[in-house]
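Q: This is the content of my_file_2.cif (mmCIF, C-alpha atoms and all ligand atoms):
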```cif
data_protein
#
loop_
_atom_site.group_PDB
_atom_site.id
_atom_site.type_symbol
_atom_site.label_atom_id
_atom_site.label_comp_id
_atom_site.auth_asym_id
_atom_site.auth_seq_id
_atom_site.Cartn_x
_atom_site.Cartn_y
_atom_site.Cartn_z
ATOM 1 C CA MET A 1 -29.555 41.636 12.863
ATOM 2 C CA SER A 2 -33.029 40.170 12.359
ATOM 3 C CA ARG A 3 -35.959 41.343 14.442
ATOM 4 C CA GLU A 4 -35.704 39.566 17.787
ATOM 5 C CA THR A 5 -38.081 39.281 20.717
ATOM 6 C CA LEU A 6 -36.489 40.652 23.884
ATOM 7 C CA LEU A 7 -38.063 39.716 27.200
ATOM 8 C CA ILE A 8 -36.710 42.242 29.687
ATOM 9 C CA ASP A 9 -36.665 41.983 33.481
ATOM 10 C CA ALA A 10 -37.401 45.132 35.503
ATOM 11 C CA ASP A 11 -36.099 45.106 39.111
ATOM 12 C CA ASP A 12 -32.315 45.634 39.167
ATOM 13 C CA THR A 13 -32.229 45.403 35.371
ATOM 14 C CA LEU A 14 -34.077 48.625 34.412
ATOM 15 C CA TRP A 15 -34.146 50.301 37.790
ATOM 16 C CA GLU A 16 -32.665 50.049 41.264
ATOM 17 C CA ASN A 17 -34.645 47.801 43.561
ATOM 18 C CA GLN A 18 -32.618 45.765 46.003
ATOM 19 C CA VAL A 19 -30.703 48.792 47.267
ATOM 20 C CA HIS A 20 -34.007 50.320 48.476
ATOM 21 C CA PHE A 21 -34.997 47.116 50.254
ATOM 22 C CA GLU A 22 -31.543 46.979 51.854
ATOM 23 C CA ARG A 23 -32.015 50.515 53.163
ATOM 24 C CA VAL A 24 -35.291 49.509 54.815
ATOM 25 C CA ILE A 25 -33.618 46.424 56.282
ATOM 26 C CA GLU A 26 -30.823 48.606 57.701
ATOM 27 C CA GLY A 27 -33.410 50.813 59.411
ATOM 28 C CA PHE A 28 -35.212 47.741 60.676
ATOM 29 C CA LEU A 29 -32.023 46.255 62.131
ATOM 30 C CA VAL A 30 -31.354 49.481 64.034
ATOM 31 C CA ILE A 31 -34.766 49.081 65.686
ATOM 32 C CA ILE A 32 -34.063 45.421 66.444
ATOM 33 C CA GLU A 33 -30.647 46.170 67.861
ATOM 34 C CA ARG A 34 -32.335 48.170 70.624
ATOM 35 C CA LEU A 35 -33.935 44.907 71.718
ATOM 36 C CA GLY A 36 -30.436 43.502 72.169
ATOM 37 C CA PHE A 37 -30.222 41.237 69.110
ATOM 38 C CA PRO A 38 -27.032 41.437 67.022
ATOM 39 C CA HIS A 39 -27.431 42.237 63.297
ATOM 40 C CA PRO A 40 -26.322 38.871 61.862
ATOM 41 C CA TYR A 41 -28.781 36.952 64.026
ATOM 42 C CA ALA A 42 -31.714 39.266 63.274
ATOM 43 C CA ARG A 43 -30.845 39.205 59.568
ATOM 44 C CA ARG A 44 -30.856 35.422 59.530
ATOM 45 C CA ILE A 45 -34.290 35.286 61.156
ATOM 46 C CA LEU A 46 -35.538 37.857 58.633
ATOM 47 C CA ASN A 47 -34.138 35.903 55.661
ATOM 48 C CA GLU A 48 -35.777 32.698 56.870
ATOM 49 C CA THR A 49 -39.097 34.455 57.414
ATOM 50 C CA GLU A 50 -38.893 36.099 53.990
ATOM 51 C CA ARG A 51 -38.295 32.803 52.225
ATOM 52 C CA ARG A 52 -41.233 31.206 54.002
ATOM 53 C CA ASN A 53 -43.512 34.148 53.211
ATOM 54 C CA ILE A 54 -42.581 34.135 49.516
ATOM 55 C CA ARG A 55 -43.952 30.624 49.249
ATOM 56 C CA GLN A 56 -47.187 31.809 50.833
ATOM 57 C CA PHE A 57 -47.628 35.401 49.634
ATOM 58 C CA GLY A 58 -45.358 35.638 46.587
ATOM 59 C CA PHE A 59 -42.857 38.399 45.799
ATOM 60 C CA GLY A 60 -43.389 42.053 46.592
ATOM 61 C CA VAL A 61 -43.559 44.815 49.152
ATOM 62 C CA ARG A 62 -46.527 43.311 51.000
ATOM 63 C CA SER A 63 -44.774 40.004 51.498
ATOM 64 C CA PHE A 64 -41.620 41.846 52.633
ATOM 65 C CA HIS A 65 -43.609 44.017 55.073
ATOM 66 C CA THR A 66 -45.185 40.924 56.622
ATOM 67 C CA ALA A 67 -41.740 39.321 56.974
ATOM 68 C CA LEU A 68 -40.390 42.378 58.829
ATOM 69 C CA GLU A 69 -43.382 42.474 61.189
ATOM 70 C CA GLU A 70 -43.190 38.765 61.898
ATOM 71 C CA THR A 71 -39.456 38.946 62.545
ATOM 72 C CA TYR A 72 -40.023 41.806 64.986
ATOM 73 C CA MET A 73 -42.841 39.977 66.781
ATOM 74 C CA LYS A 74 -40.777 36.834 66.989
ATOM 75 C CA LEU A 75 -37.723 38.588 68.445
ATOM 76 C CA ALA A 76 -39.580 41.026 70.689
ATOM 77 C CA GLY A 77 -42.041 38.477 72.048
ATOM 78 C CA ASN A 78 -43.918 39.977 74.994
ATOM 79 C CA LEU A 79 -41.969 43.220 74.621
ATOM 80 C CA ALA A 80 -43.455 43.957 71.167
ATOM 81 C CA ARG A 81 -44.865 47.481 70.935
ATOM 82 C CA ARG A 82 -47.451 48.903 68.592
ATOM 83 C CA GLU A 83 -45.461 52.073 67.857
ATOM 84 C CA VAL A 84 -42.545 49.977 66.613
ATOM 85 C CA VAL A 85 -44.866 48.090 64.251
ATOM 86 C CA LYS A 86 -45.970 51.511 62.974
ATOM 87 C CA GLN A 87 -42.316 52.578 62.544
ATOM 88 C CA ILE A 88 -41.714 49.487 60.426
ATOM 89 C CA GLY A 89 -44.752 50.374 58.315
ATOM 90 C CA ASP A 90 -43.362 53.882 57.760
ATOM 91 C CA LEU A 91 -40.022 52.474 56.600
ATOM 92 C CA VAL A 92 -41.764 50.174 54.128
ATOM 93 C CA ALA A 93 -44.032 52.950 52.816
ATOM 94 C CA GLU A 94 -40.948 54.724 51.436
ATOM 95 C CA LEU A 95 -40.471 51.846 48.988
ATOM 96 C CA THR A 96 -43.530 52.732 46.968
ATOM 97 C CA ALA A 97 -43.458 56.494 47.427
ATOM 98 C CA SER A 98 -41.079 57.635 44.701
ATOM 99 C CA PRO A 99 -40.523 56.863 41.006
ATOM 100 C CA PRO A 100 -37.946 54.131 40.414
ATOM 101 C CA THR A 101 -34.340 55.230 39.855
ATOM 102 C CA LEU A 102 -33.402 54.091 36.353
ATOM 103 C CA LEU A 103 -30.065 52.381 35.910
ATOM 104 C CA ASP A 104 -27.453 54.054 33.759
ATOM 105 C CA GLY A 105 -28.287 54.254 30.049
ATOM 106 C CA VAL A 106 -31.610 52.428 30.347
ATOM 107 C CA ALA A 107 -33.920 55.073 28.835
ATOM 108 C CA ASP A 108 -31.760 55.674 25.717
ATOM 109 C CA THR A 109 -30.996 52.023 25.190
ATOM 110 C CA LEU A 110 -34.651 50.972 25.441
ATOM 111 C CA ALA A 111 -35.630 53.623 22.886
ATOM 112 C CA TYR A 112 -32.934 52.293 20.544
ATOM 113 C CA LEU A 113 -33.984 48.643 21.029
ATOM 114 C CA ALA A 114 -37.716 49.366 20.653
ATOM 115 C CA GLU A 115 -37.149 50.657 17.117
ATOM 116 C CA ARG A 116 -35.490 47.423 16.061
ATOM 117 C CA HIS A 117 -37.011 44.616 18.090
ATOM 118 C CA ARG A 118 -40.140 43.501 19.893
ATOM 119 C CA LEU A 119 -39.787 44.301 23.599
ATOM 120 C CA ILE A 120 -41.813 42.532 26.285
ATOM 121 C CA LEU A 121 -41.423 43.485 29.938
ATOM 122 C CA CYS A 122 -41.197 40.346 32.043
ATOM 123 C CA THR A 123 -41.196 40.857 35.783
ATOM 124 C CA LYS A 124 -42.431 38.938 38.781
ATOM 125 C CA GLY A 125 -44.349 40.229 41.768
ATOM 126 C CA GLU A 126 -47.705 41.737 42.554
ATOM 127 C CA PRO A 127 -49.416 43.050 39.405
ATOM 128 C CA ALA A 128 -50.563 46.393 40.864
ATOM 129 C CA GLU A 129 -47.201 47.081 42.493
ATOM 130 C CA GLN A 130 -45.121 46.279 39.406
ATOM 131 C CA ALA A 131 -47.506 48.049 37.007
ATOM 132 C CA GLY A 132 -47.345 51.129 39.250
ATOM 133 C CA LYS A 133 -43.550 51.138 39.163
ATOM 134 C CA LEU A 134 -43.535 50.781 35.389
ATOM 135 C CA GLU A 135 -45.960 53.670 35.032
ATOM 136 C CA ARG A 136 -43.876 55.923 37.295
ATOM 137 C CA SER A 137 -40.717 54.933 35.388
ATOM 138 C CA GLY A 138 -41.958 56.481 32.128
ATOM 139 C CA LEU A 139 -40.687 53.438 30.189
ATOM 140 C CA GLN A 140 -44.029 51.808 29.415
ATOM 141 C CA ALA A 141 -44.291 53.048 25.812
ATOM 142 C CA HIS A 142 -41.260 51.024 24.719
ATOM 143 C CA PHE A 143 -42.941 47.699 25.444
ATOM 144 C CA GLN A 144 -45.379 45.893 23.194
ATOM 145 C CA ALA A 145 -46.554 43.734 26.067
ATOM 146 C CA ILE A 146 -46.226 43.644 29.849
ATOM 147 C CA GLU A 147 -46.007 40.316 31.665
ATOM 148 C CA ILE A 148 -46.218 40.402 35.461
ATOM 149 C CA VAL A 149 -45.986 36.841 36.703
ATOM 150 C CA ALA A 150 -46.031 35.244 40.166
ATOM 151 C CA ASP A 151 -42.683 33.534 39.612
ATOM 152 C CA LYS A 152 -40.274 32.971 36.746
ATOM 153 C CA ASP A 153 -39.457 29.327 36.133
ATOM 154 C CA SER A 154 -38.983 27.354 32.936
ATOM 155 C CA ARG A 155 -42.730 26.660 32.747
ATOM 156 C CA THR A 156 -43.412 30.397 32.856
ATOM 157 C CA PHE A 157 -41.068 30.933 29.927
ATOM 158 C CA ARG A 158 -42.537 28.065 27.905
ATOM 159 C CA GLY A 159 -45.943 29.698 28.470
ATOM 160 C CA LEU A 160 -44.665 33.081 27.265
ATOM 161 C CA VAL A 161 -43.142 31.473 24.167
ATOM 162 C CA LYS A 162 -46.598 30.105 23.319
ATOM 163 C CA THR A 163 -48.614 33.211 24.206
ATOM 164 C CA HIS A 164 -46.400 35.571 22.231
ATOM 165 C CA ARG A 165 -45.509 33.084 19.463
ATOM 166 C CA ILE A 166 -41.811 33.594 20.085
ATOM 167 C CA VAL A 167 -39.426 31.737 17.775
ATOM 168 C CA LYS A 168 -37.031 30.450 20.423
ATOM 169 C CA SER A 169 -33.853 30.974 18.419
ATOM 170 C CA HIS A 170 -34.909 34.644 18.061
ATOM 171 C CA GLY A 171 -36.061 35.075 21.669
ATOM 172 C CA TRP A 172 -33.936 36.428 24.507
ATOM 173 C CA MET A 173 -34.460 36.898 28.223
ATOM 174 C CA ILE A 174 -32.471 39.833 29.581
ATOM 175 C CA GLY A 175 -31.979 40.225 33.321
ATOM 176 C CA ASN A 176 -29.841 40.336 36.449
ATOM 177 C CA SER A 177 -30.996 37.140 38.138
ATOM 178 C CA PRO A 178 -29.450 33.769 37.340
ATOM 179 C CA ARG A 179 -32.242 32.069 39.270
ATOM 180 C CA SER A 180 -35.263 33.859 37.778
ATOM 181 C CA ASP A 181 -34.099 35.204 34.423
ATOM 182 C CA ILE A 182 -31.204 33.290 32.957
ATOM 183 C CA ASN A 183 -31.424 29.649 34.015
ATOM 184 C CA PRO A 184 -35.173 29.117 33.487
ATOM 185 C CA ALA A 185 -35.092 30.935 30.118
ATOM 186 C CA LEU A 186 -32.212 28.754 28.910
ATOM 187 C CA ALA A 187 -34.031 25.664 30.187
ATOM 188 C CA ALA A 188 -37.060 26.701 28.115
ATOM 189 C CA GLY A 189 -34.890 26.880 24.985
ATOM 190 C CA LEU A 190 -34.562 30.673 24.783
ATOM 191 C CA ASN A 191 -31.331 32.681 24.570
ATOM 192 C CA ALA A 192 -30.339 34.859 27.521
ATOM 193 C CA VAL A 193 -28.403 37.995 28.378
ATOM 194 C CA PHE A 194 -27.078 38.174 31.913
ATOM 195 C CA ILE A 195 -26.387 41.702 33.157
ATOM 196 C CA PRO A 196 -25.129 41.302 36.730
ATOM 197 C CA HIS A 197 -26.070 43.904 39.293
ATOM 198 C CA ALA A 198 -23.775 44.389 42.272
ATOM 199 C CA LYS A 199 -26.718 44.327 44.691
ATOM 200 C CA THR A 200 -28.611 41.283 43.477
ATOM 201 C CA TRP A 201 -30.810 39.824 46.235
ATOM 202 C CA HIS A 202 -29.417 36.658 47.864
ATOM 203 C CA PHE A 203 -32.626 34.875 46.879
ATOM 204 C CA GLU A 204 -31.853 35.421 43.191
ATOM 205 C CA GLN A 205 -28.266 34.141 43.270
ATOM 206 C CA ASP A 206 -27.486 30.867 41.560
ATOM 207 C CA GLU A 207 -24.834 29.200 39.429
ATOM 208 C CA LEU A 208 -25.289 30.082 35.769
ATOM 209 C CA SER A 209 -26.343 27.005 33.890
ATOM 210 C CA SER A 210 -26.031 26.372 30.191
ATOM 211 C CA GLY A 211 -28.780 25.468 27.781
ATOM 212 C CA PRO A 212 -29.361 24.927 24.115
ATOM 213 C CA GLY A 213 -29.663 28.714 23.605
ATOM 214 C CA LYS A 214 -26.926 31.345 23.559
ATOM 215 C CA LEU A 215 -25.801 33.139 26.706
ATOM 216 C CA LEU A 216 -24.279 36.614 26.672
ATOM 217 C CA VAL A 217 -22.848 38.254 29.785
ATOM 218 C CA LEU A 218 -22.758 42.040 29.526
ATOM 219 C CA PRO A 219 -21.363 44.652 31.922
ATOM 220 C CA ALA A 220 -24.225 47.150 31.578
ATOM 221 C CA PHE A 221 -27.658 47.643 30.021
ATOM 222 C CA ARG A 222 -26.268 50.069 27.451
ATOM 223 C CA SER A 223 -23.983 47.305 26.103
ATOM 224 C CA LEU A 224 -27.075 45.704 24.530
ATOM 225 C CA ARG A 225 -26.679 48.186 21.658
ATOM 226 C CA GLU A 226 -23.548 46.408 20.519
ATOM 227 C CA TYR A 227 -25.417 43.106 20.075
ATOM 228 C CA PHE A 228 -28.959 44.026 19.053
HETATM 229 MG MG MG B 1 -34.313 41.504 38.515
#
```
As structure tokens, what does this structure read like?
A:
Amino acid sequence: MSRETLLIDADDTLWENQVHFERVIEGFLVIIERLGFPHPYARRILNETERRNIRQFGFGVRSFHTALEETYMKLAGNLARREVVKQIGDLVAELTASPPTLLDGVADTLAYLAERHRLILCTKGEPAEQAGKLERSGLQAHFQAIEIVADKDSRTFRGLVKTHRIVKSHGWMIGNSPRSDINPALAAGLNAVFIPHAKTWHFEQDELSSGPGKLLVLPAFRSLREYF
């Protein structure tokens, strides 16, 4: 195969992400349940608050933390207590405390791909937060460039094509999110590899669309070896 440019997503493509957020949400819902609100209701309020905050603060732990606090304040009203706000902060702090858990086969497969192709990490979120995760992951050396963007839409991908002089027919976006990885990359004329993750965030779900480029659907990150 010729030398390709592989844009690679990070959260839930290289390492576990959503599962850690879900654990914090579980802990949060236990706290909320004590106020007498059933899980589904509290979860719905949280989801709505999260979506609103993303528009204002972008993606990341800080935005998530604010959404949890606001949901608590909204549900607790006059009964809101400072020590509960602190408890929520402690739950969130665990998200950034440890190195990311790599998904199966990621380290070996990246080493293999980096010898043959140009790898560019392409993730969205807060620059310091995502750069910190990458550093703790030990995977940084495999990438020729790191792109941490506020959001991934087709305009973002057209910009990356220009910046990195990617020949579209030899450019691929690899990730777990139809909404942020696959559909906008295809719309920008790139090829895409969809690697579903069982715990993909509801926000990232979408119907897979088709585009002028090729679309591969693979069961695991290590399967990339068979195609690249
Ligand atoms: Mg992802």
Q: Restricting the calculation to only C-alpha atoms and all ligand atoms, which member of A:Leu113, A:Val84, A:Leu121, A:Leu75 is positioned closest to ligand MG 1 (chain B)?
A: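 Residue with the minimum atom-to-atom distance to ligand MG 1 (chain B): A:Leu121.
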Q: List all protein, DNA and RNA residues that have at least one atom no more than 7 Å from any atom of ligand MG 1 (chain B), counting all atoms listed in the file, and write them as a list in words.
A: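 Using all atoms listed in the file, everything at most 7 Å from ligand MG 1 (chain B) comes to Asp9, Ala10, Asp11, Asp12, Thr13, Gly175, Asn176 and Ser177 of chain A.
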Q: Hey, what's within 12 Å of Val30 in chain A if we count all atoms listed in the file and toss same-chain stuff fewer than 3 positions away? As a VMD selection string, please?
A: chain A and resid 23 to 27 33 to 40 42 to 43 72 84 87 to 88 91
Q: Since I can't run it myself right now, could you work out what the PyMOL selection byres (((chain A and resi 15) around 9) and not hetatm) selects here and report it as an MDAnalysis selection string?
A: chainID A and resid 10:14 16:17 100:104 106 137
Q: Mind writing the picked residues with C-alpha atoms as a PDB file, keeping the file's coordinate frame?
A:
```pdb
ATOM      1  CA  ALA A  10     -37.401  45.132  35.503  1.00  0.00           C
ATOM      2  CA  ASP A  11     -36.099  45.106  39.111  1.00  0.00           C
ATOM      3  CA  ASP A  12     -32.315  45.634  39.167  1.00  0.00           C
ATOM      4  CA  THR A  13     -32.229  45.403  35.371  1.00  0.00           C
ATOM      5  CA  LEU A  14     -34.077  48.625  34.412  1.00  0.00           C
ATOM      6  CA  GLU A  16     -32.665  50.049  41.264  1.00  0.00           C
ATOM      7  CA  ASN A  17     -34.645  47.801  43.561  1.00  0.00           C
ATOM      8  CA  PRO A 100     -37.946  54.131  40.414  1.00  0.00           C
ATOM      9  CA  THR A 101     -34.340  55.230  39.855  1.00  0.00           C
ATOM     10  CA  LEU A 102     -33.402  54.091  36.353  1.00  0.00           C
ATOM     11  CA  LEU A 103     -30.065  52.381  35.910  1.00  0.00           C
ATOM     12  CA  ASP A 104     -27.453  54.054  33.759  1.00  0.00           C
ATOM     13  CA  VAL A 106     -31.610  52.428  30.347  1.00  0.00           C
ATOM     14  CA  SER A 137     -40.717  54.933  35.388  1.00  0.00           C
TER      15      SER A 137
END
```
Q: Could you list, as number ranges by chain, every residue matched by the PyMOL selection byres (((chain A and resi 200) around 8) and not hetatm) in this structure?
A: A: 12, 18, 176-177, 196-199, 201-202, 204-205
Q: CA of Val149 in chain A and CA of Lys124 in chain A are how many Å apart?
A: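 Between CA of Val149 in chain A and CA of Lys124 in chain A the gap is 4.6 Å.
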Q: Taking all atoms listed in the file into account, which of A:Leu6, A:Ala97, A:Ile45, A:Leu68 comes nearest Ile166 in chain A?
A: A:Leu6
Q: Is it possible to produce a file of range 119-142 of chain A from this structure, with N, CA and C atoms, as a CSV table (one decimal), in the first residue's frame?
A:
```
chain,number,residue,atom,x,y,z
A,119,LEU,N,1.0,9.6,10.7
A,119,LEU,CA,0.0,9.6,11.6
A,119,LEU,C,-0.2,11.0,12.3
A,120,ILE,N,-1.5,11.4,12.3
A,120,ILE,CA,-1.8,12.7,12.9
A,120,ILE,C,-2.9,12.4,13.9
A,121,LEU,N,-2.6,12.8,15.2
A,121,LEU,CA,-3.7,12.6,16.2
A,121,LEU,C,-4.7,13.8,16.0
A,122,CYS,N,-6.0,13.4,16.0
A,122,CYS,CA,-7.0,14.4,15.8
A,122,CYS,C,-8.1,14.2,16.8
A,123,THR,N,-8.1,15.1,17.8
A,123,THR,CA,-9.1,14.9,18.9
A,123,THR,C,-9.7,16.3,19.2
A,124,LYS,N,-10.9,16.2,19.8
A,124,LYS,CA,-11.5,17.5,20.2
A,124,LYS,C,-11.5,17.6,21.7
A,125,GLY,N,-11.6,18.9,22.1
A,125,GLY,CA,-11.6,19.1,23.6
A,125,GLY,C,-10.7,20.3,24.0
A,126,GLU,N,-10.4,20.3,25.3
A,126,GLU,CA,-9.5,21.4,25.7
A,126,GLU,C,-8.1,21.0,25.5
A,127,PRO,N,-7.3,21.9,24.9
A,127,PRO,CA,-5.9,21.6,24.5
A,127,PRO,C,-5.1,21.0,25.7
A,128,ALA,N,-5.1,21.7,26.8
A,128,ALA,CA,-4.3,21.2,27.9
A,128,ALA,C,-4.7,19.8,28.4
A,129,GLU,N,-6.0,19.6,28.5
A,129,GLU,CA,-6.5,18.3,29.0
A,129,GLU,C,-6.2,17.2,28.0
A,130,GLN,N,-6.4,17.4,26.7
A,130,GLN,CA,-6.1,16.3,25.8
A,130,GLN,C,-4.6,16.1,25.6
A,131,ALA,N,-3.8,17.2,25.6
A,131,ALA,CA,-2.4,17.0,25.5
A,131,ALA,C,-1.8,16.2,26.7
A,132,GLY,N,-2.4,16.5,27.9
A,132,GLY,CA,-2.0,15.8,29.1
A,132,GLY,C,-2.3,14.3,29.0
A,133,LYS,N,-3.4,14.0,28.5
A,133,LYS,CA,-3.8,12.6,28.4
A,133,LYS,C,-2.9,11.9,27.4
A,134,LEU,N,-2.6,12.6,26.3
A,134,LEU,CA,-1.7,12.0,25.3
A,134,LEU,C,-0.3,11.7,25.9
A,135,GLU,N,0.2,12.7,26.7
A,135,GLU,CA,1.5,12.5,27.3
A,135,GLU,C,1.5,11.4,28.3
A,136,ARG,N,0.5,11.2,29.1
A,136,ARG,CA,0.4,10.1,30.1
A,136,ARG,C,0.2,8.8,29.4
A,137,SER,N,-0.3,8.8,28.1
A,137,SER,CA,-0.6,7.6,27.4
A,137,SER,C,0.7,6.9,26.9
A,138,GLY,N,1.8,7.7,26.7
A,138,GLY,CA,3.0,7.2,26.2
A,138,GLY,C,3.0,7.0,24.7
A,139,LEU,N,1.9,7.5,24.0
A,139,LEU,CA,1.8,7.2,22.5
A,139,LEU,C,2.2,8.3,21.7
A,140,GLN,N,2.6,9.4,22.3
A,140,GLN,CA,2.9,10.7,21.5
A,140,GLN,C,3.9,10.5,20.4
A,141,ALA,N,5.0,9.7,20.6
A,141,ALA,CA,6.1,9.6,19.7
A,141,ALA,C,5.6,9.0,18.3
A,142,HIS,N,4.5,8.3,18.3
A,142,HIS,CA,4.0,7.8,17.0
A,142,HIS,C,3.4,8.8,16.1
```
